[in-house]
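Source file: input-v6.txt. Holds: compact mmCIF, C-alpha atoms and all ligand atoms.
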# COMPACT_ATOMS: atom_id res chain seq x y z
CA MET A 24 0.00 0.00 0.00
CA LYS A 25 1.24 3.46 -0.84
CA GLY A 26 -0.15 6.86 -0.10
CA ILE A 27 -0.61 9.76 2.23
CA THR A 28 -2.96 9.71 5.21
CA LYS A 29 -3.83 12.92 6.95
CA VAL A 30 -4.21 11.88 10.59
CA SER A 31 -5.01 15.30 12.04
CA GLU A 32 -4.09 18.92 11.58
CA HIS A 33 -0.33 19.11 11.08
CA PHE A 34 0.19 15.32 11.06
CA TRP A 35 0.47 13.04 8.01
CA ILE A 36 1.58 9.48 7.42
CA PHE A 37 3.38 8.28 4.29
CA GLU A 38 2.75 4.58 3.65
CA GLU A 39 5.12 2.62 1.48
CA ASP A 40 4.73 -1.13 1.10
CA GLY A 41 4.74 -2.01 4.76
CA VAL A 42 6.80 0.81 6.22
CA ARG A 43 5.62 4.27 7.17
CA SER A 44 7.14 7.67 7.70
CA PHE A 45 5.60 10.58 9.60
CA LEU A 46 5.40 14.28 8.89
CA PHE A 47 4.69 16.75 11.69
CA GLU A 48 4.17 20.38 10.83
CA GLY A 49 5.16 22.90 13.46
CA ASP A 50 4.99 26.67 13.55
CA LYS A 51 8.19 27.44 11.70
CA ARG A 52 9.48 24.07 10.53
CA ALA A 53 8.28 20.56 9.94
CA MET A 54 9.80 17.26 11.02
CA LEU A 55 9.90 14.15 8.87
CA VAL A 56 10.44 10.92 10.78
CA ASP A 57 12.29 8.41 8.55
CA THR A 58 12.24 8.22 4.75
CA GLY A 59 11.07 4.67 3.89
CA PHE A 60 12.50 2.48 1.15
CA GLY A 61 13.04 5.36 -1.24
CA THR A 62 10.37 4.50 -3.82
CA LEU A 63 8.29 7.54 -2.79
CA ARG A 64 9.26 11.05 -3.76
CA ILE A 65 9.01 11.85 -0.10
CA ARG A 66 10.69 15.26 -0.20
CA GLN A 67 8.26 16.46 -2.85
CA MET A 68 5.30 14.87 -1.09
CA ALA A 69 6.24 16.74 2.09
CA ALA A 70 6.69 19.98 0.16
CA GLU A 71 3.18 19.63 -1.27
CA LEU A 72 1.76 19.37 2.26
CA THR A 73 3.69 22.13 4.01
CA ASP A 74 5.44 25.30 2.96
CA LEU A 75 7.76 25.10 5.96
CA PRO A 76 11.34 23.80 5.80
CA VAL A 77 11.43 20.07 6.53
CA PHE A 78 14.17 18.41 8.57
CA LEU A 79 14.74 14.71 9.01
CA VAL A 80 14.89 12.67 12.22
CA HIS A 81 15.54 8.93 12.29
CA THR A 82 13.93 6.51 14.72
CA HIS A 83 16.70 4.19 13.51
CA THR A 84 18.50 3.52 10.25
CA ASP A 85 17.59 0.13 8.84
CA ARG A 86 17.38 0.39 5.08
CA ASP A 87 13.58 0.49 5.02
CA HIS A 88 13.82 3.81 6.90
CA THR A 89 16.62 5.60 5.02
CA GLY A 90 15.76 5.22 1.32
CA GLY A 91 14.97 8.91 0.80
CA ASP A 92 17.77 10.32 2.96
CA LYS A 93 19.83 11.80 0.15
CA GLU A 94 17.30 14.59 -0.23
CA PHE A 95 17.70 15.82 3.35
CA LYS A 96 20.35 17.76 5.21
CA PRO A 97 21.07 17.64 8.08
CA ILE A 98 19.98 14.19 9.18
CA TYR A 99 19.36 13.76 12.89
CA MET A 100 19.86 10.53 14.82
CA HIS A 101 21.17 9.34 18.15
CA PRO A 102 25.00 9.15 18.21
CA SER A 103 24.77 5.44 19.13
CA GLU A 104 23.21 4.90 15.70
CA MET A 105 25.89 6.66 13.68
CA ASP A 106 28.27 3.71 13.12
CA TYR A 107 25.30 1.53 12.17
CA TYR A 108 24.20 4.19 9.68
CA LYS A 109 27.74 4.54 8.33
CA ASP A 110 27.89 0.79 7.65
CA ARG A 111 24.73 1.04 5.54
CA LEU A 112 25.20 4.56 4.26
CA PRO A 113 22.54 5.26 1.64
CA ARG A 114 23.77 6.27 -1.77
CA ASP A 115 24.70 9.95 -2.11
CA CYS A 116 24.55 10.47 1.66
CA HIS A 117 27.49 11.72 3.71
CA MET A 118 28.34 11.34 7.38
CA GLU A 119 29.20 15.07 7.53
CA ASP A 120 25.48 15.73 7.22
CA VAL A 121 24.59 13.64 10.27
CA GLN A 122 23.78 15.55 13.46
CA PRO A 123 23.26 14.18 16.99
CA LEU A 124 20.01 13.92 18.88
CA TRP A 125 20.57 12.98 22.50
CA GLU A 126 18.46 11.27 25.11
CA GLY A 127 16.29 13.91 26.75
CA ASP A 128 16.62 16.43 23.91
CA THR A 129 13.38 18.15 23.06
CA ILE A 130 12.49 18.76 19.43
CA ASP A 131 10.36 21.86 19.81
CA LEU A 132 8.21 22.56 16.76
CA GLY A 133 5.87 24.92 18.60
CA TYR A 134 2.65 23.03 17.95
CA TRP A 135 4.51 19.77 18.70
CA ARG A 136 7.16 19.05 21.30
CA PHE A 137 8.89 15.69 21.04
CA GLU A 138 11.17 14.29 23.69
CA VAL A 139 13.92 11.92 22.56
CA ILE A 140 14.02 8.59 24.37
CA LEU A 141 16.90 6.23 23.69
CA THR A 142 15.60 2.67 23.23
CA PRO A 143 18.42 0.48 21.89
CA GLY A 144 18.02 -3.18 21.01
CA HIS A 145 16.45 -3.31 17.57
CA THR A 146 19.42 -1.16 16.49
CA PRO A 147 22.15 0.38 18.69
CA GLY A 148 20.70 3.88 18.63
CA SER A 149 16.98 3.35 18.12
CA ILE A 150 14.95 6.18 19.61
CA MET A 151 11.32 6.85 20.33
CA LEU A 152 9.72 10.29 20.31
CA LEU A 153 7.29 11.19 23.07
CA GLU A 154 4.78 14.02 22.74
CA ARG A 155 3.57 14.43 26.33
CA GLU A 156 0.91 17.05 25.73
CA LYS A 157 -0.70 15.15 22.86
CA ARG A 158 0.02 11.85 24.61
CA MET A 159 1.59 10.17 21.58
CA LEU A 160 4.60 7.94 21.18
CA ILE A 161 6.46 7.41 17.89
CA SER A 162 7.92 3.97 18.46
CA GLY A 163 9.93 3.02 15.36
CA ASP A 164 10.17 -0.74 14.97
CA SER A 165 10.58 -1.69 18.63
CA ILE A 166 6.88 -1.47 19.52
CA GLN A 167 4.63 -2.80 16.76
CA ASP A 168 2.29 -5.72 16.11
CA GLY A 169 4.12 -6.96 12.99
CA ALA A 170 7.45 -8.76 12.67
CA ILE A 171 10.25 -7.28 14.78
CA PHE A 172 13.64 -7.94 13.16
CA MET A 173 16.00 -9.13 15.87
CA PHE A 174 18.64 -11.02 13.92
CA GLY A 175 21.89 -9.89 12.34
CA PRO A 176 24.41 -7.15 13.17
CA GLY A 177 23.39 -4.46 15.63
CA ARG A 178 20.52 -6.34 17.26
CA ASN A 179 20.71 -6.80 21.00
CA MET A 180 17.95 -8.71 22.76
CA PRO A 181 18.93 -7.81 26.38
CA ALA A 182 19.04 -4.13 25.40
CA PHE A 183 15.69 -4.50 23.62
CA GLN A 184 14.11 -5.87 26.80
CA CYS A 185 15.60 -3.06 28.92
CA SER A 186 14.26 -0.49 26.46
CA LEU A 187 10.77 -1.97 26.63
CA GLU A 188 10.92 -1.91 30.43
CA LYS A 189 12.04 1.71 30.29
CA ILE A 190 9.21 2.80 27.99
CA SER A 191 6.74 0.67 29.90
CA ALA A 192 7.53 2.71 33.02
CA MET A 193 6.56 5.85 31.07
CA ALA A 194 3.31 4.40 29.71
CA ASP A 195 1.11 6.79 31.72
CA ALA A 196 2.49 9.60 29.51
CA PHE A 197 0.91 8.43 26.24
CA ASP A 198 -2.38 7.04 24.93
CA THR A 199 -1.42 6.18 21.37
CA ILE A 200 1.63 4.53 19.82
CA TRP A 201 2.57 5.19 16.20
CA PRO A 202 4.83 2.40 14.90
CA SER A 203 6.66 2.17 11.58
CA HIS A 204 5.10 -1.21 10.70
CA GLY A 205 1.92 -3.13 11.39
CA ASN A 206 -1.33 -1.62 12.60
CA TYR A 207 -1.70 1.87 14.08
CA PRO A 208 -2.36 3.47 16.40
CA LEU A 209 -1.55 0.98 19.11
CA LYS A 210 -2.22 1.31 22.81
CA ALA A 211 0.31 1.11 25.62
CA GLU A 212 -1.18 -2.22 26.68
CA ILE A 213 0.75 -3.92 23.87
CA ILE A 214 4.12 -3.21 25.52
CA PRO A 215 3.95 -5.88 28.27
CA GLY A 216 2.91 -8.41 25.61
CA ILE A 217 5.98 -7.64 23.47
CA LEU A 218 8.23 -7.72 26.53
CA LYS A 219 6.82 -11.08 27.60
CA GLY A 220 7.23 -12.34 24.02
CA ALA A 221 10.90 -11.27 23.99
CA LYS A 222 11.54 -13.04 27.29
CA ASP A 223 9.69 -16.17 26.17
CA LEU A 224 11.64 -16.15 22.92
CA VAL A 225 15.02 -16.12 24.65
CA ALA A 226 13.79 -18.80 27.08
CA GLY A 227 12.93 -21.04 24.13
CA LYS A 228 9.20 -20.97 24.87
CA LEU A 229 8.02 -19.75 21.45
CA THR A 230 7.44 -22.09 18.53
CA GLU A 231 9.92 -21.91 15.66
CA GLN A 232 8.35 -21.15 12.27
CA GLU A 233 9.78 -20.45 8.85
CA PRO A 234 10.27 -16.73 8.05
CA PRO A 235 7.89 -15.11 5.54
CA GLU A 236 10.65 -15.03 2.93
CA PRO A 237 14.09 -16.66 2.81
CA MET A 238 16.16 -15.01 5.54
CA PRO A 239 18.88 -16.30 7.87
CA CYS A 240 16.51 -16.48 10.82
CA LYS A 241 13.35 -18.12 12.09
CA LYS A 242 10.06 -16.56 12.99
CA TYR A 243 8.66 -16.75 16.52
CA ALA A 244 5.17 -15.46 17.19
CA CYS A 245 4.00 -14.29 20.60
CA GLU A 246 0.45 -13.16 21.37
CA VAL A 247 0.82 -9.57 20.18
CA ALA A 248 3.66 -9.54 17.61
CA SER A 249 6.34 -11.76 16.14
CA PHE A 250 10.13 -11.81 16.13
CA LEU A 251 12.57 -12.69 13.37
CA TYR A 252 15.44 -14.14 15.34
CA HIS A 253 18.40 -16.46 15.03
CA PHE A 254 19.60 -18.56 17.95
CA ASP A 255 23.38 -18.77 17.95
CA ALA A 256 24.53 -22.37 17.73
ZN ZN A 301 11.61 -1.09 9.84
Turn this file's structure into structure tokens for me.
Ligand SMILES: [Zn+2]
Amino acid sequence: MKGITKVSEHFWIFEEDGVRSFLFEGDKRAMLVDTGFGTLRIRQMAAELTDLPVFLVHTHTDRDHTGGDKEFKPIYMHPSEMDYYKDRLPRDCHMEDVQPLWEGDTIDLGYWRFEVILTPGHTPGSIMLLEREKRMLISGDSIQDGAIFMFGPGRNMPAFQCSLEKISAMADAFDTIWPSHGNYPLKAEIIPGILKGAKDLVAGKLTEQEPPEPMPCKKYACEVASFLYHFDA
């Protein structure tokens, strides 16, 4: 599925074959969260929706989130993500254009105010963005009801569990969760289910299934999501 969904005033979603990016319009500038696979003309799509300058923030930098990066400067991400990004640097992108976003930083757009929360595990520098006044959480890939990729370089299951515990402790600050994959919006009640699933996975309690397409991992479904994971021999 591809297309633009207007969620509310100053908030749009770009859907692109299973991954989504978010555009938030503020008073003087607009923030794009991730750029998808790169098959959308996301810079132009954003420009058709807002006259304000658009800057880019990454929840994390797996390739399904960085495909349109070359059209943006600077590119903001947590410093813990920078080496991961460098290893997968999208074509025509340069590390000189990458700028840090730290834990606790506030991205103040006027109408929107997002707090940066470091939630490593899915990738080393995955972040979530919390809008306390509007009680929304942008969760990237770490909280979703689809398949959570947890195999290969950069994944860290203990860190993932710690991050879910951390965000779980903040769950009274948001009503809706806006993930990059799967259904949306989700409610905070899904977080304990994902955390339990991650613990059950590591404990060998989830049933091994074949992945949806050939990948060096297996699929493990819990009650609320699934994990693509590889047990080290
Ligand atoms: Zn993703």
Quiz item: What is the distance between atom CA of A:Trp35 and atom CA of A:Glu48, in Å to one decimal?
Solution: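 Calculated distance between atom CA of A:Trp35 and atom CA of A:Glu48 is 8.7 Å.
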Proximity check chain A to ligand ZN 301 (chain A), 8 Å, nearest pairs one decimal Å, all atoms listed in the file, as a tab-separated table:
residue	atom	partner	partner_atom	distance
A:Val42	CA	A:ZN301	ZN	6.3
A:Asp85	CA	A:ZN301	ZN	6.2
A:Arg86	CA	A:ZN301	ZN	7.6
A:Asp87	CA	A:ZN301	ZN	5.4
A:His88	CA	A:ZN301	ZN	6.1
A:Gly163	CA	A:ZN301	ZN	7.1
A:Asp164	CA	A:ZN301	ZN	5.3
A:Phe172	CA	A:ZN301	ZN	7.9
A:Ser203	CA	A:ZN301	ZN	6.2
A:His204	CA	A:ZN301	ZN	6.6
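Shortest separation to A:Glu104 among A:Ile166, A:Leu187, A:Leu124, A:Met68 occurs at residue A:Leu124, atoms counted being all atoms listed in the file.
Minimum distance to A:Lys189 across A:Glu156, A:Leu141, A:Glu212, A:Asp168 (counting only C-alpha atoms) occurs at A:Leu141.
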Quiz prompt | Pairwise distance for atom CA of A:Gly26 and atom CA of A:Thr58, rounded to one decimal in Å | solution =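 Result for atom CA of A:Gly26 versus atom CA of A:Thr58: 13.4 Å, one decimal.
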